[in-house]
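What's in coords.tsv: TSV, C-alpha atoms
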```
chain	number	residue	atom	x	y	z
A	146	MET	CA	-18.04	29.99	-46.10
A	147	GLN	CA	-18.10	31.29	-49.65
A	148	LYS	CA	-15.85	29.27	-51.95
A	149	SER	CA	-15.02	32.14	-54.29
A	150	LEU	CA	-11.85	34.21	-54.18
A	151	PHE	CA	-12.58	36.86	-51.55
A	152	LEU	CA	-11.28	40.38	-51.95
A	153	THR	CA	-12.48	43.19	-49.74
A	154	SER	CA	-14.03	46.27	-51.28
A	155	LEU	CA	-10.94	48.52	-51.34
A	156	ILE	CA	-8.11	46.03	-51.00
A	157	ALA	CA	-6.66	44.28	-54.04
A	158	ILE	CA	-4.43	41.22	-53.71
A	159	GLN	CA	-2.64	39.21	-56.31
A	160	VAL	CA	-4.67	36.52	-58.09
A	161	ILE	CA	-2.73	33.29	-58.39
A	162	ALA	CA	-3.24	31.77	-61.82
A	163	SER	CA	-3.14	28.22	-60.45
A	164	ASP	CA	-6.08	28.93	-58.10
A	165	LEU	CA	-8.99	27.45	-60.01
A	166	SER	CA	-11.54	27.39	-57.18
A	167	LEU	CA	-14.10	29.48	-59.07
A	168	LEU	CA	-14.34	27.00	-61.93
A	169	HIS	CA	-16.61	24.00	-62.36
A	170	PRO	CA	-14.83	20.86	-61.04
A	171	GLN	CA	-14.63	19.46	-64.57
A	172	LYS	CA	-12.94	22.61	-65.93
A	173	LYS	CA	-10.60	22.65	-62.95
A	174	GLN	CA	-9.65	19.01	-63.58
A	175	ILE	CA	-9.01	19.72	-67.27
A	176	GLN	CA	-6.58	22.52	-66.38
A	177	GLU	CA	-4.84	20.37	-63.77
A	178	GLU	CA	-4.39	17.55	-66.28
A	179	LYS	CA	-2.96	20.02	-68.77
A	180	ARG	CA	-0.36	20.96	-66.16
A	181	ASN	CA	0.47	17.27	-65.60
A	182	GLU	CA	0.82	16.81	-69.35
A	183	ILE	CA	3.29	19.71	-69.53
A	184	GLU	CA	5.41	18.21	-66.75
A	185	ALA	CA	5.41	14.75	-68.38
A	186	ALA	CA	6.31	16.19	-71.80
A	187	TYR	CA	9.18	18.12	-70.21
A	188	GLN	CA	10.65	15.02	-68.60
A	189	ASN	CA	10.40	13.18	-71.90
A	190	GLN	CA	11.95	16.01	-73.91
A	191	LYS	CA	14.68	16.70	-71.36
A	192	TYR	CA	16.22	13.26	-71.93
A	193	ASP	CA	15.37	12.98	-75.61
A	194	TRP	CA	19.07	13.20	-76.53
A	195	VAL	CA	19.89	10.06	-74.53
A	196	SER	CA	19.99	6.99	-76.76
A	197	PRO	CA	18.11	3.88	-75.63
A	198	LEU	CA	19.82	0.69	-74.55
A	199	ASN	CA	19.49	-2.06	-77.16
A	200	LEU	CA	18.91	-5.62	-75.96
A	201	SER	CA	19.87	-8.32	-78.48
A	202	LEU	CA	19.58	-12.10	-78.46
A	203	THR	CA	21.29	-14.04	-81.25
A	204	LYS	CA	21.92	-17.70	-82.06
A	205	SER	CA	24.03	-18.71	-85.06
A	206	LYS	CA	25.50	-21.89	-86.50
A	207	SER	CA	28.15	-22.26	-89.21
A	208	LYS	CA	29.83	-25.26	-90.94
A	209	SER	CA	32.96	-25.53	-93.07
A	210	ILE	CA	32.93	-28.55	-95.40
A	211	GLY	CA	36.62	-28.30	-96.31
A	212	ASP	CA	37.86	-28.49	-92.75
A	213	ASN	CA	34.93	-30.60	-91.64
A	214	THR	CA	34.34	-28.16	-88.79
A	215	TYR	CA	31.32	-26.34	-87.45
A	216	SER	CA	30.57	-23.82	-84.72
A	217	THR	CA	27.54	-22.54	-82.80
A	218	VAL	CA	27.19	-19.18	-81.01
A	219	ASP	CA	24.57	-18.22	-78.42
A	220	LYS	CA	24.75	-14.55	-77.50
A	221	ALA	CA	22.78	-12.14	-75.29
A	222	ALA	CA	23.93	-8.52	-75.03
A	223	ILE	CA	23.00	-4.97	-74.12
A	224	GLY	CA	24.46	-2.34	-76.44
A	225	LEU	CA	24.63	1.44	-76.40
A	226	ASN	CA	25.60	4.01	-79.01
A	227	GLN	CA	25.48	7.39	-77.25
A	228	ASP	CA	26.53	10.82	-78.50
A	229	ILE	CA	28.70	12.58	-75.95
A	230	PHE	CA	29.65	15.65	-77.98
A	231	ARG	CA	27.69	17.51	-80.67
A	232	PHE	CA	29.31	20.96	-80.77
A	233	GLY	CA	26.71	22.32	-78.32
A	234	GLY	CA	23.80	20.26	-79.63
A	235	ILE	CA	23.27	18.46	-76.33
A	236	TYR	CA	23.32	21.73	-74.35
A	237	TYR	CA	20.81	23.39	-76.69
A	238	THR	CA	18.58	20.32	-76.56
A	239	LEU	CA	18.42	20.65	-72.76
A	240	SER	CA	17.95	24.42	-73.06
A	241	PHE	CA	15.14	23.90	-75.57
A	242	ALA	CA	13.37	21.51	-73.18
A	243	ASP	CA	13.57	24.05	-70.32
A	244	LYS	CA	12.29	26.91	-72.47
A	245	GLN	CA	9.55	24.76	-73.98
A	246	LYS	CA	8.35	23.97	-70.47
A	247	SER	CA	8.42	27.67	-69.56
A	248	PHE	CA	6.46	28.53	-72.70
A	249	GLU	CA	3.85	25.83	-72.05
A	250	LEU	CA	3.48	26.82	-68.40
A	251	LEU	CA	3.07	30.47	-69.38
A	252	THR	CA	0.42	29.47	-71.90
A	253	TRP	CA	-1.30	27.34	-69.25
A	254	GLU	CA	-1.22	30.22	-66.76
A	255	LYS	CA	-2.63	32.54	-69.42
A	256	GLU	CA	-5.51	30.11	-70.03
A	257	ASN	CA	-6.30	30.11	-66.30
A	258	ALA	CA	-6.16	33.90	-66.24
A	259	GLN	CA	-8.51	34.07	-69.22
A	260	LEU	CA	-11.00	31.78	-67.47
A	261	TYR	CA	-10.99	34.05	-64.42
A	262	GLU	CA	-11.19	37.10	-66.65
A	263	GLN	CA	-14.27	35.63	-68.32
A	264	ILE	CA	-15.90	35.04	-64.94
A	265	TYR	CA	-15.14	38.52	-63.62
A	266	THR	CA	-16.09	40.17	-66.91
A	267	THR	CA	-19.39	38.29	-66.95
A	268	VAL	CA	-20.15	39.30	-63.37
A	269	LEU	CA	-19.36	42.95	-64.11
A	270	ASN	CA	-21.52	42.81	-67.25
A	271	LEU	CA	-24.35	41.41	-65.14
A	272	ARG	CA	-23.87	44.20	-62.63
A	273	ARG	CA	-24.04	46.77	-65.41
A	274	LEU	CA	-27.15	45.16	-66.92
A	275	HIS	CA	-28.93	45.20	-63.56
A	276	LEU	CA	-28.06	48.90	-63.18
A	277	GLN	CA	-29.36	49.57	-66.69
A	278	LEU	CA	-32.56	47.70	-65.89
A	279	GLU	CA	-33.00	49.80	-62.77
A	280	GLN	CA	-32.46	52.92	-64.86
A	281	ALA	CA	-35.06	51.73	-67.36
A	282	LYS	CA	-37.61	51.35	-64.56
A	283	TYR	CA	-37.15	54.99	-63.48
A	284	ARG	CA	-37.29	56.18	-67.09
A	285	LEU	CA	-40.52	54.23	-67.52
A	286	LYS	CA	-41.98	55.91	-64.43
A	287	ASN	CA	-41.19	59.32	-65.91
A	288	LEU	CA	-42.70	58.33	-69.24
A	289	GLU	CA	-45.86	57.06	-67.52
A	290	ILE	CA	-46.15	60.45	-65.81
A	291	ASP	CA	-45.64	62.12	-69.18
A	292	VAL	CA	-48.36	59.98	-70.82
A	293	PHE	CA	-50.76	60.75	-67.96
A	294	LEU	CA	-50.12	64.51	-68.20
A	295	LYS	CA	-50.38	64.51	-72.01
A	296	ARG	CA	-53.67	62.63	-71.81
A	297	GLU	CA	-55.08	65.14	-69.33
A	298	GLN	CA	-53.85	68.00	-71.50
A	299	TYR	CA	-55.37	66.34	-74.59
A	300	LYS	CA	-58.74	66.25	-72.79
A	301	THR	CA	-58.57	70.01	-72.24
A	302	GLY	CA	-57.22	70.66	-75.72
A	303	SER	CA	-53.83	71.92	-74.52
A	304	VAL	CA	-51.99	69.36	-76.70
A	305	ASP	CA	-52.94	67.56	-79.90
A	306	MET	CA	-53.10	63.83	-80.59
A	307	THR	CA	-49.63	63.81	-82.15
A	308	GLN	CA	-47.99	64.81	-78.87
A	309	LEU	CA	-50.00	62.28	-76.88
A	310	ASN	CA	-49.20	59.54	-79.40
A	311	ARG	CA	-45.47	60.38	-79.24
A	312	ALA	CA	-45.52	60.07	-75.45
A	313	ILE	CA	-47.27	56.68	-75.69
A	314	MET	CA	-44.72	55.45	-78.26
A	315	ASP	CA	-41.82	56.59	-76.06
A	316	LYS	CA	-43.30	54.62	-73.18
A	317	ASN	CA	-43.67	51.50	-75.37
A	318	ASP	CA	-40.09	51.86	-76.60
A	319	GLN	CA	-38.89	51.98	-73.01
A	320	LEU	CA	-40.85	48.79	-72.24
A	321	LYS	CA	-39.05	47.11	-75.15
A	322	VAL	CA	-35.71	48.29	-73.74
A	323	MET	CA	-36.58	46.65	-70.42
A	324	ILE	CA	-37.53	43.39	-72.14
A	325	ASN	CA	-34.27	43.37	-74.13
A	326	THR	CA	-32.25	44.10	-70.99
A	327	LYS	CA	-33.92	41.19	-69.16
A	328	GLU	CA	-33.09	38.92	-72.11
A	329	SER	CA	-29.45	40.07	-71.98
A	330	ILE	CA	-29.35	39.33	-68.24
A	331	ALA	CA	-30.67	35.81	-68.85
A	332	SER	CA	-28.13	35.21	-71.62
A	333	THR	CA	-25.24	36.52	-69.52
A	334	GLN	CA	-26.29	34.39	-66.56
A	335	LYS	CA	-26.18	31.37	-68.88
A	336	THR	CA	-22.60	32.27	-69.79
A	337	LEU	CA	-21.69	32.51	-66.11
A	338	ARG	CA	-23.27	29.12	-65.31
A	339	ALA	CA	-21.07	27.54	-68.00
A	340	LEU	CA	-17.96	28.82	-66.22
A	341	THR	CA	-18.64	28.46	-62.50
A	342	PRO	CA	-21.05	26.70	-60.13
A	343	LEU	CA	-21.29	29.91	-58.07
A	344	LYS	CA	-24.14	32.34	-58.48
A	345	PHE	CA	-23.74	35.97	-59.51
A	346	SER	CA	-24.36	37.13	-55.94
A	347	GLU	CA	-21.74	34.70	-54.55
A	348	ILE	CA	-18.78	36.09	-56.48
A	349	ASN	CA	-17.00	39.13	-55.07
A	350	ILE	CA	-15.13	41.22	-57.61
A	351	PRO	CA	-11.84	42.89	-56.66
A	352	ILE	CA	-11.43	46.63	-57.05
A	353	PHE	CA	-8.98	47.00	-59.92
A	354	THR	CA	-6.57	49.92	-59.89
A	355	MET	CA	-4.54	51.65	-62.59
A	356	ILE	CA	-1.49	49.83	-63.94
A	357	ASP	CA	1.75	51.53	-64.88
A	358	LYS	CA	2.49	51.11	-68.59
A	359	LYS	CA	6.04	49.87	-67.94
A	360	GLN	CA	4.73	47.17	-65.61
A	361	TYR	CA	1.98	46.26	-68.08
A	362	LEU	CA	4.44	45.73	-70.93
A	363	GLN	CA	7.02	44.00	-68.76
A	364	HIS	CA	4.65	41.33	-67.48
A	365	ASN	CA	2.39	41.09	-70.51
A	366	TYR	CA	1.46	37.53	-71.47
A	367	ALA	CA	1.49	38.09	-75.24
A	368	ILE	CA	4.87	39.85	-75.23
A	369	ASN	CA	6.49	37.26	-72.95
A	370	GLN	CA	5.08	34.43	-75.05
A	371	ALA	CA	6.58	36.02	-78.16
A	372	ALA	CA	9.95	36.35	-76.40
A	373	LEU	CA	9.94	32.71	-75.30
A	374	GLN	CA	8.92	31.58	-78.79
A	375	SER	CA	11.87	33.52	-80.20
A	376	ASP	CA	14.23	31.82	-77.71
A	377	LEU	CA	12.80	28.44	-78.68
A	378	ASN	CA	13.38	29.11	-82.37
A	379	LEU	CA	16.96	30.20	-81.66
A	380	ASP	CA	17.67	26.97	-79.76
A	381	GLN	CA	16.03	24.97	-82.54
A	382	TYR	CA	18.28	26.67	-85.10
A	383	LYS	CA	21.39	25.86	-83.03
A	384	ILE	CA	20.27	22.26	-82.54
A	385	THR	CA	19.75	21.88	-86.28
A	386	LYS	CA	23.12	23.50	-87.01
A	387	SER	CA	24.91	21.14	-84.62
A	388	SER	CA	23.30	18.12	-86.29
A	389	TYR	CA	25.38	18.82	-89.43
A	390	LEU	CA	28.66	18.95	-87.49
A	391	PRO	CA	30.77	15.96	-86.34
A	392	HIS	CA	29.35	13.84	-83.52
A	393	LEU	CA	31.52	12.04	-81.00
A	394	SER	CA	29.86	8.89	-79.72
A	395	ILE	CA	30.73	6.15	-77.30
A	396	ASN	CA	29.89	2.58	-78.23
A	397	ALA	CA	29.59	-0.08	-75.59
A	398	GLU	CA	28.29	-3.59	-75.35
A	399	VAL	CA	28.17	-6.01	-72.47
A	400	GLY	CA	26.71	-9.48	-72.49
A	401	TYR	CA	27.03	-13.22	-72.33
A	402	GLN	CA	28.33	-15.51	-75.07
A	403	ASN	CA	28.48	-19.29	-75.50
A	404	TYR	CA	30.88	-20.17	-78.32
A	405	ASP	CA	31.20	-23.85	-79.36
A	406	HIS	CA	33.78	-24.53	-82.10
A	407	LYS	CA	34.44	-28.13	-83.17
A	408	THR	CA	38.07	-28.36	-84.31
A	409	ASN	CA	41.18	-29.94	-82.90
A	410	ASP	CA	43.15	-26.73	-82.30
A	411	THR	CA	40.60	-24.30	-80.83
A	412	ALA	CA	38.90	-24.04	-77.50
A	413	ASP	CA	35.28	-23.33	-76.61
A	414	TYR	CA	34.30	-20.14	-74.71
A	415	ASP	CA	31.41	-19.76	-72.30
A	416	GLY	CA	31.14	-16.54	-70.25
A	417	ASP	CA	30.73	-12.77	-70.03
A	418	TYR	CA	32.25	-10.31	-72.45
A	419	HIS	CA	32.29	-6.56	-73.05
A	420	SER	CA	33.50	-4.03	-75.61
A	421	THR	CA	33.87	-0.25	-75.76
A	422	GLY	CA	34.89	2.23	-78.41
A	423	LEU	CA	34.63	5.78	-79.73
A	424	SER	CA	33.36	6.87	-83.11
A	425	VAL	CA	33.19	10.15	-84.99
A	426	THR	CA	30.45	10.68	-87.55
A	427	MET	CA	29.55	13.62	-89.74
A	428	PRO	CA	26.44	13.69	-91.94
A	429	LEU	CA	26.69	15.04	-95.48
A	430	ASP	CA	23.44	16.60	-96.67
A	431	PHE	CA	23.04	18.70	-99.79
A	432	ASN	CA	20.10	20.54	-98.12
A	433	THR	CA	22.16	21.74	-95.16
A	434	ASN	CA	22.33	25.42	-96.12
A	435	THR	CA	18.67	25.57	-97.14
A	436	THR	CA	17.52	23.94	-93.89
A	437	LEU	CA	19.67	26.25	-91.77
A	438	GLN	CA	18.47	29.33	-93.66
A	439	GLU	CA	14.88	28.26	-93.07
A	440	GLN	CA	15.50	27.80	-89.33
A	441	LYS	CA	17.31	31.13	-89.05
A	442	ALA	CA	14.54	32.96	-90.91
A	443	ALA	CA	11.97	31.47	-88.52
A	444	TYR	CA	14.02	32.72	-85.56
A	445	LEU	CA	14.46	36.22	-87.00
A	446	GLN	CA	10.73	36.41	-87.73
A	447	THR	CA	9.77	35.59	-84.14
A	448	LYS	CA	12.39	38.06	-82.88
A	449	LEU	CA	10.68	40.80	-84.89
A	450	GLN	CA	7.29	39.67	-83.59
A	451	ILE	CA	8.38	40.64	-80.06
A	452	GLU	CA	8.57	44.29	-81.08
A	453	ASP	CA	5.39	43.92	-83.11
A	454	GLU	CA	3.58	42.57	-80.05
A	455	LYS	CA	4.93	45.43	-77.91
A	456	ILE	CA	3.44	47.92	-80.38
A	457	ALA	CA	0.09	46.09	-80.34
A	458	GLN	CA	-0.05	45.88	-76.54
A	459	ASN	CA	0.98	49.51	-76.20
A	460	ALA	CA	-2.00	50.38	-78.43
A	461	VAL	CA	-4.29	48.28	-76.23
A	462	TYR	CA	-3.04	50.10	-73.14
A	463	GLU	CA	-3.44	53.56	-74.69
A	464	GLU	CA	-6.95	52.74	-75.92
A	465	SER	CA	-8.01	51.66	-72.44
A	466	GLN	CA	-6.49	54.80	-70.93
A	467	ALA	CA	-8.47	56.95	-73.36
A	468	LEU	CA	-11.72	55.10	-72.63
A	469	ILE	CA	-11.15	55.34	-68.89
A	470	LYS	CA	-10.52	59.07	-69.18
A	471	ASN	CA	-13.78	59.48	-71.11
A	472	TYR	CA	-15.71	57.51	-68.49
A	473	GLN	CA	-14.16	59.61	-65.72
A	474	GLU	CA	-15.12	62.84	-67.47
A	475	TYR	CA	-18.66	61.58	-67.97
A	476	ILE	CA	-18.85	60.69	-64.28
A	477	GLU	CA	-17.67	64.18	-63.35
A	478	VAL	CA	-20.34	65.82	-65.53
A	479	THR	CA	-23.04	63.49	-64.18
A	480	ARG	CA	-22.09	64.24	-60.59
A	481	LYS	CA	-22.45	67.95	-61.27
A	482	ASN	CA	-25.92	67.20	-62.64
A	483	LEU	CA	-26.71	65.29	-59.45
A	484	THR	CA	-25.83	68.35	-57.42
A	485	LEU	CA	-28.08	70.46	-59.64
A	486	TYR	CA	-30.92	67.97	-59.34
A	487	GLY	CA	-30.51	68.06	-55.58
A	488	GLU	CA	-31.03	71.84	-55.65
A	489	LEU	CA	-34.03	71.48	-57.98
A	490	ILE	CA	-35.59	68.88	-55.72
A	491	THR	CA	-35.27	71.24	-52.75
A	492	MET	CA	-36.87	74.10	-54.70
A	493	THR	CA	-39.62	71.85	-56.10
A	494	LYS	CA	-40.49	70.56	-52.64
A	495	GLN	CA	-40.83	74.13	-51.43
A	496	GLY	CA	-42.97	74.97	-54.47
A	497	PHE	CA	-45.11	71.90	-53.88
A	498	LYS	CA	-45.75	72.99	-50.28
A	499	ALA	CA	-46.58	76.50	-51.50
A	500	GLY	CA	-49.01	75.03	-54.01
A	501	TYR	CA	-47.48	76.22	-57.30
A	502	LYS	CA	-45.58	73.00	-58.11
A	503	SER	CA	-47.20	69.61	-58.68
A	504	GLY	CA	-46.22	66.31	-57.18
A	505	TYR	CA	-45.57	65.04	-60.73
A	506	ASP	CA	-42.80	67.62	-61.17
A	507	LEU	CA	-41.18	66.51	-57.94
A	508	LYS	CA	-41.43	62.83	-58.81
A	509	THR	CA	-40.00	63.37	-62.29
A	510	ILE	CA	-36.96	65.23	-60.96
A	511	GLU	CA	-36.37	62.62	-58.23
A	512	ASN	CA	-36.52	59.82	-60.80
A	513	THR	CA	-34.12	61.68	-63.10
A	514	GLN	CA	-31.69	62.13	-60.22
A	515	LYS	CA	-31.79	58.37	-59.55
A	516	ILE	CA	-31.21	57.68	-63.25
A	517	ASP	CA	-28.05	59.82	-63.19
A	518	ALA	CA	-26.87	58.26	-59.92
A	519	LEU	CA	-27.14	54.86	-61.61
A	520	GLU	CA	-25.30	56.29	-64.63
A	521	VAL	CA	-22.33	57.06	-62.37
A	522	GLU	CA	-22.28	53.43	-61.19
A	523	ILE	CA	-22.55	52.17	-64.77
A	524	ASN	CA	-19.54	54.22	-65.84
A	525	GLU	CA	-17.57	53.14	-62.77
A	526	THR	CA	-18.32	49.55	-63.86
A	527	ASN	CA	-17.12	50.41	-67.38
A	528	ILE	CA	-13.84	51.63	-65.89
A	529	GLN	CA	-13.48	48.41	-63.92
A	530	LEU	CA	-14.03	46.38	-67.10
A	531	GLU	CA	-11.20	48.24	-68.83
A	532	LEU	CA	-8.86	47.87	-65.85
A	533	LEU	CA	-9.77	44.19	-65.54
A	534	LYS	CA	-8.75	43.66	-69.17
A	535	LEU	CA	-5.36	45.25	-68.50
A	536	HIS	CA	-4.75	43.32	-65.27
A	537	PHE	CA	-5.52	39.95	-66.81
A	538	ALA	CA	-3.29	40.65	-69.82
A	539	GLN	CA	-0.27	40.51	-67.52
A	540	GLN	CA	1.16	37.89	-65.20
A	541	GLN	CA	1.10	40.08	-62.09
A	542	ARG	CA	-2.46	41.17	-62.63
A	543	ILE	CA	-3.60	42.74	-59.36
A	544	PRO	CA	-1.16	45.12	-57.69
A	545	HIS	CA	-1.04	45.59	-53.94
A	546	GLY	CA	-2.41	48.64	-52.21
```
Would you encode the structure as structure tokens?
Amino acid sequence: MQKSLFLTSLIAIQVIASDLSLLHPQKKQIQEEKRNEIEAAYQNQKYDWVSPLNLSLTKSKSKSIGDNTYSTVDKAAIGLNQDIFRFGGIYYTLSFADKQKSFELLTWEKENAQLYEQIYTTVLNLRRLHLQLEQAKYRLKNLEIDVFLKREQYKTGSVDMTQLNRAIMDKNDQLKVMINTKESIASTQKTLRALTPLKFSEINIPIFTMIDKKQYLQHNYAINQAALQSDLNLDQYKITKSSYLPHLSINAEVGYQNYDHKTNDTADYDGDYHSTGLSVTMPLDFNTNTTLQEQKAAYLQTKLQIEDEKIAQNAVYEESQALIKNYQEYIEVTRKNLTLYGELITMTKQGFKAGYKSGYDLKTIENTQKIDALEVEINETNIQLELLKLHFAQQQRIPHG
């Protein structure tokens, strides 16, 4: 059974960003560890506002010469100084941790989507290169016919050397095109091998369909990342603001104490003890206003970047739509040519049977028809590349239906 993500020829299903089955095991493990790192960082950040427990062990000895007394104290205790109210600072710290996790997970999902996009793009590029190579072979056949005919005409004096030489040069240029295309195929296959252990022929590509602009902008990775970044900066501003306001803290200590006091009128103490209390603190910092202005400016900047990103992504969408329209128009024109070539082939076959058309004419027209048929497939692949780019720019990349 093929390990790649199967999609039938005319049915598109949603690609799950966490499905990394197409990748090399090492790449898959890297992405999985990134996800684990995000989860661990979230747990750490979520409880960052909780103060640690402090364990202390003390031993002291004092002596008073005037009273001829001395005392020793052995003490072991666990203490806590914990903020319980920061004018919203604790809430925004928790909110920041949640949004930071969402931002990191969205970034992680986007990375996975980009890896799949690279694989699918590479496969489609390979498909297009193979089609172009096939085209080049038919063009070469036509040029070989042209060289043969020009050479025969040169023998009879119907054409001069310049025309024959031009035909030979055109043939050589086409051979160079084939060589360059084969080199591009080899290079693109190398790119694919770096991404997946599967071969080109083992990866089925989904049929991508048109995306509604509203859906594209609503689920766009870049726009949603900008929105989350803005929310993060707002929480950071509120956390910073709360840090300059009064803090209400609870202080507690529980432990064991051995108190030995050598006088005639005091008693020793050996046992547990505890203490609790509340404290209010308020920092005074001359840089308060400057720091808050800096944080607020950072938030306002990222808020503006949301609209800036919407404009940029709208331009990307419109550009793809224009390119797709051009490809579709080219396909329509080429298909009309195919119909015309079909009629010419029929007439040429009849002329060949009647003896007033050569087999070279028939072969040239048939090859040209195949070249245009391949051109239709190439432009259909170009359309798929544009649609692929749009699908993988959004979270819900492949619509149903």
If you count all atoms listed in the file, which residues fall within 12 Å of A:Ala372, apart from same-chain ones fewer than 6 positions away, as an mmCIF file with C-alpha atoms, keeping the file's coordinate frame?
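Final output, around07.cif:
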```cif
data_model
loop_
_atom_site.group_PDB
_atom_site.id
_atom_site.type_symbol
_atom_site.label_atom_id
_atom_site.label_comp_id
_atom_site.auth_asym_id
_atom_site.auth_seq_id
_atom_site.Cartn_x
_atom_site.Cartn_y
_atom_site.Cartn_z
ATOM 1 C CA LYS A 244 12.290 26.910 -72.470
ATOM 2 C CA GLN A 245 9.550 24.760 -73.980
ATOM 3 C CA SER A 247 8.420 27.670 -69.560
ATOM 4 C CA PHE A 248 6.460 28.530 -72.700
ATOM 5 C CA LEU A 251 3.070 30.470 -69.380
ATOM 6 C CA GLN A 363 7.020 44.000 -68.760
ATOM 7 C CA HIS A 364 4.650 41.330 -67.480
ATOM 8 C CA ASN A 365 2.390 41.090 -70.510
ATOM 9 C CA TYR A 366 1.460 37.530 -71.470
ATOM 10 C CA ASN A 378 13.380 29.110 -82.370
ATOM 11 C CA LEU A 379 16.960 30.200 -81.660
ATOM 12 C CA TYR A 444 14.020 32.720 -85.560
ATOM 13 C CA LEU A 445 14.460 36.220 -87.000
ATOM 14 C CA GLN A 446 10.730 36.410 -87.730
ATOM 15 C CA THR A 447 9.770 35.590 -84.140
ATOM 16 C CA LYS A 448 12.390 38.060 -82.880
ATOM 17 C CA LEU A 449 10.680 40.800 -84.890
ATOM 18 C CA GLN A 450 7.290 39.670 -83.590
ATOM 19 C CA ILE A 451 8.380 40.640 -80.060
ATOM 20 C CA GLU A 452 8.570 44.290 -81.080
ATOM 21 C CA ASP A 453 5.390 43.920 -83.110
ATOM 22 C CA GLU A 454 3.580 42.570 -80.050
ATOM 23 C CA LYS A 455 4.930 45.430 -77.910
#
```
Between A:Gln539, A:Asn270, A:Ser465, A:Asn317, which one has atoms that come closest to A:Arg284, using all atoms listed in the file?
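Comparing A:Gln539, A:Asn270, A:Ser465, A:Asn317 against A:Arg284, the winner is A:Asn317.
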I need the residue nearest A:Thr326 from this list: A:Arg311, A:Lys358, A:Lys470, A:Lys282. Use only C-alpha atoms for the distance.
A:Lys282
Determine the axis-aligned bounding box of all atoms of stretch 356-370 of chain A present in the file, pad each side by 4 Å, and express its centre and edge lengths in Å to one decimal place as lines of an AutoDock Vina configuration file.
```
center_x = 2.8
center_y = 43.0
center_z = -69.6
size_x = 16.5
size_y = 25.1
size_z = 19.3
```
Choose the residue, out of A:Thr493, A:Asn310, A:Gln381, A:Thr354, that has the smallest atom-to-atom separation from A:Ser240; count all atoms listed in the file.
A:Gln381
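Distances from A:Ile384, A:Val521, A:Val322, A:Ile476 to A:Tyr236 were compared using only C-alpha atoms, and the smallest one belongs to A:Ile384.
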Could you check how far atom CA of A:Lys534 sits from atom CA of A:Leu519, in Å to one decimal?
22.8 Å
Using all atoms listed in the file, can you tell me which of A:Leu320, A:Leu535, A:Leu309, A:Leu274 comes closest to A:Asp291?
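Closest residue, counting all atoms listed in the file: A:Leu309.
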